[in-house]
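Next comes entry_39.pdb, with PDB, C-alpha atoms, pLDDT in the B column.
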MODEL        1
ATOM      1  CA  PHE A  18      20.445 -71.840  14.833  1.00 88.00           C
ATOM      2  CA  CYS A  19      24.196 -71.643  14.292  1.00 95.00           C
ATOM      3  CA  TYR A  20      27.034 -74.134  14.286  1.00 95.00           C
ATOM      4  CA  ALA A  21      30.178 -71.991  14.458  1.00 96.00           C
ATOM      5  CA  ALA A  22      31.488 -68.487  15.136  1.00 97.00           C
ATOM      6  CA  LEU A  23      30.861 -66.915  11.715  1.00 97.00           C
ATOM      7  CA  PRO A  24      27.189 -67.997  11.440  1.00 97.00           C
ATOM      8  CA  ALA A  25      26.671 -66.718  14.995  1.00 97.00           C
ATOM      9  CA  ARG A  26      27.936 -63.286  13.997  1.00 97.00           C
ATOM     10  CA  LEU A  27      25.747 -63.277  10.883  1.00 97.00           C
ATOM     11  CA  ILE A  28      22.715 -64.091  13.059  1.00 98.00           C
ATOM     12  CA  GLU A  29      23.580 -61.159  15.326  1.00 97.00           C
ATOM     13  CA  GLU A  30      24.033 -58.830  12.350  1.00 97.00           C
ATOM     14  CA  ALA A  31      20.658 -59.936  10.952  1.00 97.00           C
ATOM     15  CA  GLY A  32      18.983 -58.603  14.103  1.00 97.00           C
ATOM     16  CA  PHE A  33      17.906 -61.777  15.860  1.00 97.00           C
ATOM     17  CA  PRO A  34      17.639 -61.452  19.660  1.00 97.00           C
ATOM     18  CA  LEU A  35      19.456 -64.731  20.429  1.00 97.00           C
ATOM     19  CA  THR A  36      20.889 -67.835  18.831  1.00 98.00           C
ATOM     20  CA  PHE A  37      21.254 -71.556  19.515  1.00 97.00           C
ATOM     21  CA  VAL A  38      24.272 -73.754  18.806  1.00 98.00           C
ATOM     22  CA  SER A  39      22.757 -76.944  17.424  1.00 94.00           C
ATOM     23  CA  GLY A  40      24.427 -80.306  17.906  1.00 93.00           C
ATOM     24  CA  PHE A  41      22.995 -81.244  14.522  1.00 91.00           C
ATOM     25  CA  GLY A  42      24.652 -78.212  12.940  1.00 93.00           C
ATOM     26  CA  ALA A  43      27.959 -78.633  14.762  1.00 95.00           C
ATOM     27  CA  ALA A  44      28.150 -82.256  13.625  1.00 93.00           C
ATOM     28  CA  ALA A  45      27.158 -81.384  10.053  1.00 93.00           C
ATOM     29  CA  ALA A  46      29.915 -78.755   9.918  1.00 93.00           C
ATOM     30  CA  LYS A  47      32.372 -81.599  10.444  1.00 92.00           C
ATOM     31  CA  GLY A  48      30.660 -83.811   7.869  1.00 94.00           C
ATOM     32  CA  LEU A  49      29.078 -86.042  10.523  1.00 91.00           C
ATOM     33  CA  PRO A  50      25.472 -87.201  11.075  1.00 86.00           C
ATOM     34  CA  ASP A  51      23.644 -86.193  14.255  1.00 82.00           C
ATOM     35  CA  THR A  52      24.131 -89.570  15.948  1.00 81.00           C
ATOM     36  CA  GLY A  53      26.144 -88.660  19.018  1.00 82.00           C
ATOM     37  CA  LEU A  54      29.553 -88.683  17.320  1.00 88.00           C
ATOM     38  CA  MET A  55      30.570 -85.235  18.588  1.00 92.00           C
ATOM     39  CA  SER A  56      32.544 -85.411  21.831  1.00 94.00           C
ATOM     40  CA  PHE A  57      32.246 -83.223  24.900  1.00 96.00           C
ATOM     41  CA  GLY A  58      35.549 -81.570  24.051  1.00 96.00           C
ATOM     42  CA  GLU A  59      34.540 -80.783  20.474  1.00 96.00           C
ATOM     43  CA  MET A  60      31.239 -79.256  21.581  1.00 97.00           C
ATOM     44  CA  ARG A  61      32.885 -77.258  24.383  1.00 97.00           C
ATOM     45  CA  ASP A  62      35.388 -75.813  21.898  1.00 97.00           C
ATOM     46  CA  THR A  63      32.535 -74.864  19.575  1.00 97.00           C
ATOM     47  CA  MET A  64      30.742 -73.073  22.433  1.00 98.00           C
ATOM     48  CA  CYS A  65      33.921 -71.174  23.318  1.00 98.00           C
ATOM     49  CA  SER A  66      34.451 -69.930  19.754  1.00 97.00           C
ATOM     50  CA  VAL A  67      30.809 -68.919  19.323  1.00 98.00           C
ATOM     51  CA  ALA A  68      30.688 -67.097  22.668  1.00 98.00           C
ATOM     52  CA  GLU A  69      33.936 -65.282  21.882  1.00 97.00           C
ATOM     53  CA  ALA A  70      32.604 -64.197  18.492  1.00 97.00           C
ATOM     54  CA  LEU A  71      29.334 -62.910  19.946  1.00 97.00           C
ATOM     55  CA  GLU A  72      31.134 -61.039  22.719  1.00 96.00           C
ATOM     56  CA  ALA A  73      32.860 -58.986  20.009  1.00 95.00           C
ATOM     57  CA  THR A  74      29.559 -57.939  18.371  1.00 95.00           C
ATOM     58  CA  PRO A  75      27.703 -54.699  19.151  1.00 94.00           C
ATOM     59  CA  ARG A  76      24.637 -56.300  20.749  1.00 94.00           C
ATOM     60  CA  LYS A  77      26.314 -59.324  22.360  1.00 96.00           C
ATOM     61  CA  ILE A  78      23.193 -61.491  21.934  1.00 98.00           C
ATOM     62  CA  PRO A  79      22.819 -64.503  24.243  1.00 98.00           C
ATOM     63  CA  CYS A  80      23.387 -68.023  22.985  1.00 98.00           C
ATOM     64  CA  ILE A  81      22.027 -71.400  24.122  1.00 98.00           C
ATOM     65  CA  GLY A  82      24.279 -74.409  23.561  1.00 98.00           C
ATOM     66  CA  ASP A  83      23.187 -77.961  22.817  1.00 97.00           C
ATOM     67  CA  GLY A  84      24.524 -80.146  25.638  1.00 97.00           C
ATOM     68  CA  ASP A  85      23.023 -83.348  24.222  1.00 95.00           C
ATOM     69  CA  THR A  86      22.820 -85.978  26.990  1.00 95.00           C
ATOM     70  CA  GLY A  87      25.412 -84.257  29.162  1.00 96.00           C
ATOM     71  CA  TYR A  88      27.954 -86.769  27.794  1.00 95.00           C
ATOM     72  CA  GLY A  89      27.431 -89.407  30.455  1.00 91.00           C
ATOM     73  CA  ASN A  90      25.687 -89.730  33.805  1.00 92.00           C
ATOM     74  CA  SER A  91      24.539 -86.984  36.164  1.00 95.00           C
ATOM     75  CA  VAL A  92      28.105 -86.200  37.223  1.00 96.00           C
ATOM     76  CA  ASN A  93      29.071 -85.698  33.574  1.00 96.00           C
ATOM     77  CA  ALA A  94      26.030 -83.493  33.070  1.00 97.00           C
ATOM     78  CA  LYS A  95      27.188 -81.255  35.933  1.00 97.00           C
ATOM     79  CA  ARG A  96      30.613 -80.936  34.316  1.00 97.00           C
ATOM     80  CA  THR A  97      29.083 -80.138  30.933  1.00 98.00           C
ATOM     81  CA  VAL A  98      26.901 -77.377  32.378  1.00 98.00           C
ATOM     82  CA  ALA A  99      29.881 -75.873  34.189  1.00 97.00           C
ATOM     83  CA  ALA A 100      31.987 -75.927  31.022  1.00 98.00           C
ATOM     84  CA  TYR A 101      29.286 -74.274  28.914  1.00 98.00           C
ATOM     85  CA  ALA A 102      28.779 -71.589  31.554  1.00 97.00           C
ATOM     86  CA  GLN A 103      32.530 -70.929  31.679  1.00 96.00           C
ATOM     87  CA  ALA A 104      32.571 -70.738  27.860  1.00 97.00           C
ATOM     88  CA  GLY A 105      30.044 -67.893  27.999  1.00 97.00           C
ATOM     89  CA  MET A 106      26.831 -69.640  27.014  1.00 97.00           C
ATOM     90  CA  ALA A 107      23.625 -68.080  28.337  1.00 97.00           C
ATOM     91  CA  GLY A 108      21.848 -71.446  28.332  1.00 98.00           C
ATOM     92  CA  ILE A 109      22.317 -75.155  27.783  1.00 98.00           C
ATOM     93  CA  MET A 110      19.939 -77.882  26.628  1.00 98.00           C
ATOM     94  CA  ILE A 111      20.158 -81.285  28.331  1.00 98.00           C
ATOM     95  CA  GLU A 112      18.091 -84.239  27.096  1.00 97.00           C
ATOM     96  CA  ASP A 113      16.986 -87.680  28.260  1.00 97.00           C
ATOM     97  CA  GLN A 114      18.110 -89.814  25.322  1.00 95.00           C
ATOM     98  CA  VAL A 115      20.410 -92.777  25.761  1.00 94.00           C
ATOM     99  CA  ALA A 116      23.931 -92.082  24.498  1.00 86.00           C
ATOM    100  CA  PRO A 117      24.838 -92.102  21.684  1.00 81.00           C
ATOM    101  CA  LYS A 118      21.789 -89.980  20.933  1.00 84.00           C
ATOM    102  CA  ARG A 119      20.006 -89.272  17.646  1.00 74.00           C
ATOM    103  CA  CYS A 120      18.388 -86.297  15.973  1.00 71.00           C
ATOM    104  CA  GLY A 121      15.016 -85.687  17.624  1.00 60.00           C
ATOM    105  CA  HIS A 122      12.991 -86.145  14.430  1.00 63.00           C
ATOM    106  CA  THR A 123      14.467 -89.513  13.475  1.00 66.00           C
ATOM    107  CA  ARG A 124      13.451 -93.088  14.295  1.00 73.00           C
ATOM    108  CA  ASP A 125      14.950 -95.682  16.635  1.00 76.00           C
ATOM    109  CA  LYS A 126      15.596 -93.351  19.553  1.00 88.00           C
ATOM    110  CA  ALA A 127      15.829 -94.551  23.143  1.00 95.00           C
ATOM    111  CA  VAL A 128      15.508 -92.648  26.417  1.00 96.00           C
ATOM    112  CA  VAL A 129      16.870 -93.309  29.889  1.00 97.00           C
ATOM    113  CA  SER A 130      14.532 -94.187  32.760  1.00 98.00           C
ATOM    114  CA  PHE A 131      12.296 -91.552  34.299  1.00 98.00           C
ATOM    115  CA  GLU A 132      14.421 -91.496  37.444  1.00 98.00           C
ATOM    116  CA  GLU A 133      17.690 -91.111  35.561  1.00 97.00           C
ATOM    117  CA  ALA A 134      16.228 -88.367  33.374  1.00 98.00           C
ATOM    118  CA  VAL A 135      15.116 -86.333  36.375  1.00 98.00           C
ATOM    119  CA  SER A 136      18.457 -86.923  38.098  1.00 98.00           C
ATOM    120  CA  ARG A 137      20.266 -85.631  35.014  1.00 98.00           C
ATOM    121  CA  VAL A 138      18.198 -82.445  34.971  1.00 98.00           C
ATOM    122  CA  ARG A 139      18.535 -81.930  38.728  1.00 98.00           C
ATOM    123  CA  ALA A 140      22.313 -82.250  38.409  1.00 98.00           C
ATOM    124  CA  ALA A 141      22.302 -79.679  35.606  1.00 98.00           C
ATOM    125  CA  VAL A 142      20.273 -77.250  37.715  1.00 98.00           C
ATOM    126  CA  ASP A 143      22.589 -77.745  40.710  1.00 97.00           C
ATOM    127  CA  SER A 144      25.636 -77.078  38.536  1.00 97.00           C
ATOM    128  CA  ALA A 145      24.102 -73.929  37.076  1.00 97.00           C
ATOM    129  CA  ARG A 146      23.491 -72.532  40.548  1.00 95.00           C
ATOM    130  CA  GLU A 147      26.886 -73.583  41.877  1.00 94.00           C
ATOM    131  CA  HIS A 148      28.773 -71.783  39.112  1.00 89.00           C
ATOM    132  CA  ALA A 149      26.672 -68.605  39.010  1.00 91.00           C
ATOM    133  CA  ALA A 150      28.040 -65.338  40.362  1.00 85.00           C
ATOM    134  CA  SER A 151      24.481 -64.514  41.472  1.00 87.00           C
ATOM    135  CA  PRO A 152      21.064 -66.226  41.257  1.00 80.00           C
ATOM    136  CA  ASP A 153      20.105 -63.993  38.336  1.00 85.00           C
ATOM    137  CA  SER A 154      23.221 -64.839  36.331  1.00 91.00           C
ATOM    138  CA  ALA A 155      22.945 -68.649  36.333  1.00 95.00           C
ATOM    139  CA  ILE A 156      23.078 -70.368  32.968  1.00 97.00           C
ATOM    140  CA  VAL A 157      19.554 -71.229  31.777  1.00 98.00           C
ATOM    141  CA  ILE A 158      18.703 -74.934  31.848  1.00 98.00           C
ATOM    142  CA  VAL A 159      16.556 -76.201  28.968  1.00 98.00           C
ATOM    143  CA  ALA A 160      15.394 -79.750  29.764  1.00 98.00           C
ATOM    144  CA  ARG A 161      14.357 -81.843  26.771  1.00 98.00           C
ATOM    145  CA  THR A 162      12.531 -85.139  26.558  1.00 98.00           C
ATOM    146  CA  ASP A 163      12.316 -87.455  23.564  1.00 96.00           C
ATOM    147  CA  ALA A 164       9.873 -89.766  25.339  1.00 97.00           C
ATOM    148  CA  ARG A 165       7.011 -88.894  22.962  1.00 96.00           C
ATOM    149  CA  ALA A 166       8.573 -91.177  20.346  1.00 93.00           C
ATOM    150  CA  THR A 167       9.363 -94.045  22.705  1.00 95.00           C
ATOM    151  CA  HIS A 168       6.751 -94.022  25.492  1.00 96.00           C
ATOM    152  CA  GLY A 169       3.939 -91.797  24.242  1.00 97.00           C
ATOM    153  CA  MET A 170       2.619 -88.344  24.972  1.00 97.00           C
ATOM    154  CA  ASP A 171       1.560 -88.961  28.572  1.00 98.00           C
ATOM    155  CA  GLU A 172       5.054 -90.020  29.600  1.00 98.00           C
ATOM    156  CA  ALA A 173       6.597 -87.077  27.739  1.00 98.00           C
ATOM    157  CA  VAL A 174       4.329 -84.653  29.605  1.00 98.00           C
ATOM    158  CA  ARG A 175       5.069 -86.435  32.890  1.00 98.00           C
ATOM    159  CA  ARG A 176       8.778 -85.963  32.344  1.00 98.00           C
ATOM    160  CA  CYS A 177       8.437 -82.296  31.455  1.00 98.00           C
ATOM    161  CA  VAL A 178       6.443 -81.662  34.634  1.00 98.00           C
ATOM    162  CA  ALA A 179       9.156 -83.417  36.650  1.00 98.00           C
ATOM    163  CA  PHE A 180      11.875 -81.411  34.890  1.00 98.00           C
ATOM    164  CA  ALA A 181      10.119 -78.157  35.790  1.00 98.00           C
ATOM    165  CA  GLU A 182       9.757 -79.318  39.386  1.00 98.00           C
ATOM    166  CA  ALA A 183      13.467 -80.175  39.434  1.00 98.00           C
ATOM    167  CA  GLY A 184      14.258 -76.546  38.587  1.00 98.00           C
ATOM    168  CA  ALA A 185      14.624 -76.465  34.805  1.00 98.00           C
ATOM    169  CA  ASP A 186      14.033 -72.946  33.462  1.00 98.00           C
ATOM    170  CA  VAL A 187      12.585 -74.184  30.154  1.00 98.00           C
ATOM    171  CA  THR A 188      11.146 -77.543  29.093  1.00 98.00           C
ATOM    172  CA  PHE A 189      11.244 -78.955  25.589  1.00 98.00           C
ATOM    173  CA  LEU A 190       8.964 -81.789  24.510  1.00 97.00           C
ATOM    174  CA  GLU A 191      10.518 -83.002  21.288  1.00 94.00           C
ATOM    175  CA  ALA A 192       8.381 -83.771  18.238  1.00 91.00           C
ATOM    176  CA  PRO A 193       4.702 -83.610  19.264  1.00 93.00           C
ATOM    177  CA  ARG A 194       2.662 -84.892  16.331  1.00 92.00           C
ATOM    178  CA  SER A 195      -0.240 -82.404  16.228  1.00 92.00           C
ATOM    179  CA  ARG A 196      -1.519 -79.070  17.422  1.00 90.00           C
ATOM    180  CA  GLU A 197      -3.631 -80.970  19.966  1.00 94.00           C
ATOM    181  CA  GLU A 198      -0.534 -82.589  21.427  1.00 95.00           C
ATOM    182  CA  MET A 199       1.217 -79.238  21.608  1.00 93.00           C
ATOM    183  CA  LYS A 200      -1.788 -77.790  23.415  1.00 94.00           C
ATOM    184  CA  ALA A 201      -1.798 -80.697  25.867  1.00 96.00           C
ATOM    185  CA  TYR A 202       1.858 -79.997  26.564  1.00 97.00           C
ATOM    186  CA  CYS A 203       1.207 -76.308  27.147  1.00 96.00           C
ATOM    187  CA  ASP A 204      -1.878 -76.944  29.291  1.00 97.00           C
ATOM    188  CA  ASN A 205      -0.244 -79.479  31.593  1.00 98.00           C
ATOM    189  CA  VAL A 206       3.352 -78.350  32.000  1.00 98.00           C
ATOM    190  CA  PRO A 207       4.202 -75.173  33.923  1.00 97.00           C
ATOM    191  CA  GLY A 208       6.827 -72.623  32.965  1.00 97.00           C
ATOM    192  CA  ALA A 209       8.537 -71.569  29.757  1.00 98.00           C
ATOM    193  CA  LYS A 210       8.571 -74.000  26.840  1.00 97.00           C
ATOM    194  CA  MET A 211      10.503 -74.583  23.636  1.00 94.00           C
ATOM    195  CA  ALA A 212       9.331 -76.032  20.328  1.00 88.00           C
ATOM    196  CA  ASN A 213      11.306 -77.341  17.374  1.00 85.00           C
ATOM    197  CA  LEU A 214       9.451 -76.657  14.128  1.00 82.00           C
ATOM    198  CA  LEU A 215      11.197 -77.529  10.897  1.00 78.00           C
ATOM    199  CA  GLU A 216      10.094 -78.263   7.379  1.00 76.00           C
ATOM    200  CA  GLY A 217       9.686 -82.005   6.905  1.00 76.00           C
ATOM    201  CA  GLY A 218       9.800 -82.696  10.657  1.00 78.00           C
ATOM    202  CA  LEU A 219       7.311 -84.681  12.723  1.00 82.00           C
ATOM    203  CA  THR A 220       5.589 -81.602  14.178  1.00 83.00           C
ATOM    204  CA  PRO A 221       3.246 -80.063  11.555  1.00 79.00           C
ATOM    205  CA  VAL A 222       3.730 -76.358  10.868  1.00 80.00           C
ATOM    206  CA  SER A 223       1.015 -74.063   9.562  1.00 68.00           C
ATOM    207  CA  ALA A 224       1.526 -71.258   7.051  1.00 51.00           C
ATOM    208  CA  ARG A 225       1.645 -68.802   9.963  1.00 52.00           C
ATOM    209  CA  GLY A 226       4.473 -70.688  11.635  1.00 50.00           C
ATOM    210  CA  ARG A 227       2.302 -72.183  14.368  1.00 56.00           C
ATOM    211  CA  CYS A 228       1.980 -75.838  15.269  1.00 50.00           C
ATOM    212  CA  CYS A 229      -1.187 -76.919  13.467  1.00 45.00           C
TER     213      CYS A 229
ENDMDL
END

Step by step, read the file and then write its structure as structure tokens.
Amino acid sequence: FCYAALPARLIEEAGFPLTFVSGFGAAAAKGLPDTGLMSFGEMRDTMCSVAEALEATPRKIPCIGDGDTGYGNSVNAKRTVAAYAQAGMAGIMIEDQVAPKRCGHTRDKAVVSFEEAVSRVRAAVDSAREHAASPDSAIVIVARTDARATHGMDEAVRRCVAFAEAGADVTFLEAPRSREEMKAYCDNVPGAKMANLLEGGLTPVSARGRCC
């Protein structure tokens, strides 16, 4: 992942096919913890600088931006998606945590209700379609749930299924605790999926880089 324009260009020069602007990284670059202290305006400005830097590179790799909770209710989420699309992001991740949110691999998280979570994702999908020049050019919506930590695996899977049905292009079940849980996620949720594997995180990683 990257957190600013220069790291984004280094990722492109290293040959990676895409990059991701992390809220964790963007906050850390300002000396802040990942506890929802970054504002919508600060994150939008980061997306603009990263997109501008990547546009000037030879391969112009796509970038997904961390949209956190959408910075409010469903109406705010629509505005956030529109702003990231206008900045030049290829995708945006929207999650179901209560604001102010926390890093996905930390304790004491809280999520909004099932209904509010689905409404947030549906608003993001609507905004992506409304601001696209064509159906194929819409910003990609990555819908994340942190419900595994608060409500258990069954509720997390339930939310991911609902997110996919609401039109999310990619779902992201944060911090499954085992390879069996990851398999359950993959077996029960349709569509493309995202995983967050990091050293010392809650999701075990094998020597081959797979969830174990």

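Minimum distance to Ile111 in chain A across A:Lys47, A:Arg61, A:Arg196, A:Arg161 (counting only C-alpha atoms) occurs at A:Arg161.
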
Within 12 Å of Glu132 in chain A, counting all atoms listed in the file, which residues show up once you throw out same-chain ones fewer than 4 positions away? Write them as a short mmCIF file (atom, residue, chain, number, x, y, z; two decimals) with C-alpha atoms, in the coordinates of the input, please.
data_model
loop_
_atom_site.label_atom_id
_atom_site.label_comp_id
_atom_site.auth_asym_id
_atom_site.auth_seq_id
_atom_site.Cartn_x
_atom_site.Cartn_y
_atom_site.Cartn_z
CA ASN A 90 25.69 -89.73 33.80
CA SER A 91 24.54 -86.98 36.16
CA ASP A 113 16.99 -87.68 28.26
CA VAL A 128 15.51 -92.65 26.42
CA SER A 136 18.46 -86.92 38.10
CA ARG A 137 20.27 -85.63 35.01
CA VAL A 138 18.20 -82.44 34.97
CA ARG A 139 18.54 -81.93 38.73
CA ARG A 175 5.07 -86.44 32.89
CA ARG A 176 8.78 -85.96 32.34
CA ALA A 179 9.16 -83.42 36.65
CA PHE A 180 11.88 -81.41 34.89
CA ALA A 183 13.47 -80.18 39.43
#

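Residues lying within 12 Å of Ala44 in chain A, counting all atoms listed in the file and ignoring same-chain neighbours fewer than 4 positions away, are Cys19, Tyr20, Ala21, Val38, Ser39, Gly40, Gly48, Leu49, Pro50, Asp51, Thr52, Gly53, Leu54, Met55, Ser56, Glu59, Met60, Thr63, Asp83, Asp85, Arg119 and Cys120 of chain A.
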
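Within the file as shown, the PyMOL selection byres ((chain A and resi 209) around 6) identifies Val187, Gly208 and Lys210 of chain A.
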
Please evaluate the PyMOL selection byres ((chain A and resi 191) around 9) against the displayed coordinates and give the resulting residues as a compact mmCIF listing (two decimals) with C-alpha atoms, keeping the file's coordinate frame.
# COMPACT_ATOMS: atom_id res chain seq x y z
CA GLY A 121 15.02 -85.69 17.62
CA HIS A 122 12.99 -86.14 14.43
CA ARG A 161 14.36 -81.84 26.77
CA THR A 162 12.53 -85.14 26.56
CA ASP A 163 12.32 -87.46 23.56
CA ALA A 164 9.87 -89.77 25.34
CA ARG A 165 7.01 -88.89 22.96
CA ALA A 166 8.57 -91.18 20.35
CA ALA A 173 6.60 -87.08 27.74
CA PHE A 189 11.24 -78.96 25.59
CA LEU A 190 8.96 -81.79 24.51
CA ALA A 192 8.38 -83.77 18.24
CA PRO A 193 4.70 -83.61 19.26
CA MET A 211 10.50 -74.58 23.64
CA ALA A 212 9.33 -76.03 20.33
CA ASN A 213 11.31 -77.34 17.37
CA THR A 220 5.59 -81.60 14.18

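The space separating CA of Pro221 in chain A from CA of Ala201 in chain A comes to 15.2 Å.
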
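Ranking A:Gly32, A:Gly42, A:Gly108, A:Pro24 by their shortest atom-to-atom distance to Arg76 in chain A, with only C-alpha atoms included, puts A:Gly32 first.
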
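Residues matching the PyMOL selection byres ((chain A and resi 143) around 12) in this structure come to A:Ser91, A:Val92, A:Ala94, A:Lys95, A:Arg96, A:Thr97, A:Val98, A:Ala99, A:Ser136, A:Arg137, A:Val138, A:Arg139, A:Ala140, A:Ala141, A:Val142, A:Ser144, A:Ala145, A:Arg146, A:Glu147, A:His148, A:Ala149, A:Pro152, A:Ala155, A:Ile156, A:Val157, A:Ile158, A:Ala183, A:Gly184, A:Ala185.
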
Some atoms are absent from range 69-77 of chain A, so rebuild all heavy atoms and return them as a PDB file, in the coordinates of the input.
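What landed in rebuild_10.pdb:
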ATOM      1  N   GLU A  69      32.911 -66.304  22.115  1.00 97.00           N
ATOM      2  CA  GLU A  69      33.936 -65.282  21.882  1.00 97.00           C
ATOM      3  C   GLU A  69      33.548 -64.389  20.703  1.00 97.00           C
ATOM      4  O   GLU A  69      33.711 -63.161  20.764  1.00 97.00           O
ATOM      5  CB  GLU A  69      35.284 -65.942  21.614  1.00 97.00           C
ATOM      6  CG  GLU A  69      36.428 -64.966  21.424  1.00 97.00           C
ATOM      7  CD  GLU A  69      37.757 -65.644  21.206  1.00 97.00           C
ATOM      8  OE1 GLU A  69      37.802 -66.886  21.227  1.00 97.00           O
ATOM      9  OE2 GLU A  69      38.769 -64.933  21.011  1.00 97.00           O
ATOM     10  N   ALA A  70      33.015 -64.983  19.657  1.00 97.00           N
ATOM     11  CA  ALA A  70      32.604 -64.197  18.492  1.00 97.00           C
ATOM     12  C   ALA A  70      31.455 -63.257  18.830  1.00 97.00           C
ATOM     13  O   ALA A  70      31.442 -62.089  18.414  1.00 97.00           O
ATOM     14  CB  ALA A  70      32.199 -65.133  17.357  1.00 97.00           C
ATOM     15  N   LEU A  71      30.485 -63.743  19.589  1.00 97.00           N
ATOM     16  CA  LEU A  71      29.334 -62.910  19.946  1.00 97.00           C
ATOM     17  C   LEU A  71      29.711 -61.804  20.921  1.00 97.00           C
ATOM     18  O   LEU A  71      29.129 -60.717  20.892  1.00 97.00           O
ATOM     19  CB  LEU A  71      28.228 -63.782  20.543  1.00 97.00           C
ATOM     20  CG  LEU A  71      27.524 -64.714  19.553  1.00 97.00           C
ATOM     21  CD1 LEU A  71      26.554 -65.631  20.290  1.00 97.00           C
ATOM     22  CD2 LEU A  71      26.782 -63.919  18.484  1.00 97.00           C
ATOM     23  N   GLU A  72      30.690 -62.062  21.768  1.00 96.00           N
ATOM     24  CA  GLU A  72      31.134 -61.039  22.719  1.00 96.00           C
ATOM     25  C   GLU A  72      31.724 -59.834  21.989  1.00 96.00           C
ATOM     26  O   GLU A  72      31.700 -58.705  22.495  1.00 96.00           O
ATOM     27  CB  GLU A  72      32.168 -61.638  23.677  1.00 96.00           C
ATOM     28  CG  GLU A  72      32.671 -60.691  24.743  1.00 96.00           C
ATOM     29  CD  GLU A  72      31.579 -60.202  25.691  1.00 96.00           C
ATOM     30  OE1 GLU A  72      30.564 -60.905  25.843  1.00 96.00           O
ATOM     31  OE2 GLU A  72      31.754 -59.110  26.279  1.00 96.00           O
ATOM     32  N   ALA A  73      32.243 -60.061  20.786  1.00 95.00           N
ATOM     33  CA  ALA A  73      32.860 -58.986  20.009  1.00 95.00           C
ATOM     34  C   ALA A  73      31.855 -58.218  19.157  1.00 95.00           C
ATOM     35  O   ALA A  73      32.240 -57.278  18.456  1.00 95.00           O
ATOM     36  CB  ALA A  73      33.956 -59.564  19.120  1.00 95.00           C
ATOM     37  N   THR A  74      30.575 -58.610  19.178  1.00 95.00           N
ATOM     38  CA  THR A  74      29.559 -57.939  18.371  1.00 95.00           C
ATOM     39  C   THR A  74      28.922 -56.800  19.150  1.00 95.00           C
ATOM     40  O   THR A  74      28.972 -56.772  20.386  1.00 95.00           O
ATOM     41  CB  THR A  74      28.461 -58.932  17.940  1.00 95.00           C
ATOM     42  OG1 THR A  74      27.823 -59.468  19.117  1.00 95.00           O
ATOM     43  CG2 THR A  74      29.047 -60.073  17.123  1.00 95.00           C
ATOM     44  N   PRO A  75      28.283 -55.860  18.458  1.00 94.00           N
ATOM     45  CA  PRO A  75      27.703 -54.699  19.151  1.00 94.00           C
ATOM     46  C   PRO A  75      26.636 -55.056  20.178  1.00 94.00           C
ATOM     47  O   PRO A  75      26.593 -54.476  21.266  1.00 94.00           O
ATOM     48  CB  PRO A  75      27.108 -53.873  18.000  1.00 94.00           C
ATOM     49  CG  PRO A  75      27.900 -54.272  16.799  1.00 94.00           C
ATOM     50  CD  PRO A  75      28.206 -55.722  16.989  1.00 94.00           C
ATOM     51  N   ARG A  76      25.762 -56.018  19.850  1.00 94.00           N
ATOM     52  CA  ARG A  76      24.637 -56.300  20.749  1.00 94.00           C
ATOM     53  C   ARG A  76      24.902 -57.444  21.718  1.00 94.00           C
ATOM     54  O   ARG A  76      24.162 -57.629  22.681  1.00 94.00           O
ATOM     55  CB  ARG A  76      23.372 -56.599  19.925  1.00 94.00           C
ATOM     56  CG  ARG A  76      22.869 -55.397  19.142  1.00 94.00           C
ATOM     57  CD  ARG A  76      21.520 -55.655  18.497  1.00 94.00           C
ATOM     58  NE  ARG A  76      21.591 -56.734  17.510  1.00 94.00           N
ATOM     59  CZ  ARG A  76      20.888 -57.856  17.581  1.00 94.00           C
ATOM     60  NH1 ARG A  76      20.075 -58.064  18.591  1.00 94.00           N
ATOM     61  NH2 ARG A  76      20.997 -58.782  16.631  1.00 94.00           N
ATOM     62  N   LYS A  77      25.944 -58.232  21.451  1.00 96.00           N
ATOM     63  CA  LYS A  77      26.314 -59.324  22.360  1.00 96.00           C
ATOM     64  C   LYS A  77      25.100 -60.197  22.721  1.00 96.00           C
ATOM     65  O   LYS A  77      24.780 -60.413  23.882  1.00 96.00           O
ATOM     66  CB  LYS A  77      26.959 -58.782  23.635  1.00 96.00           C
ATOM     67  CG  LYS A  77      28.262 -58.029  23.409  1.00 96.00           C
ATOM     68  CD  LYS A  77      28.817 -57.507  24.711  1.00 96.00           C
ATOM     69  CE  LYS A  77      30.192 -56.889  24.522  1.00 96.00           C
ATOM     70  NZ  LYS A  77      30.198 -55.759  23.562  1.00 96.00           N
TER      71      LYS A  77
END
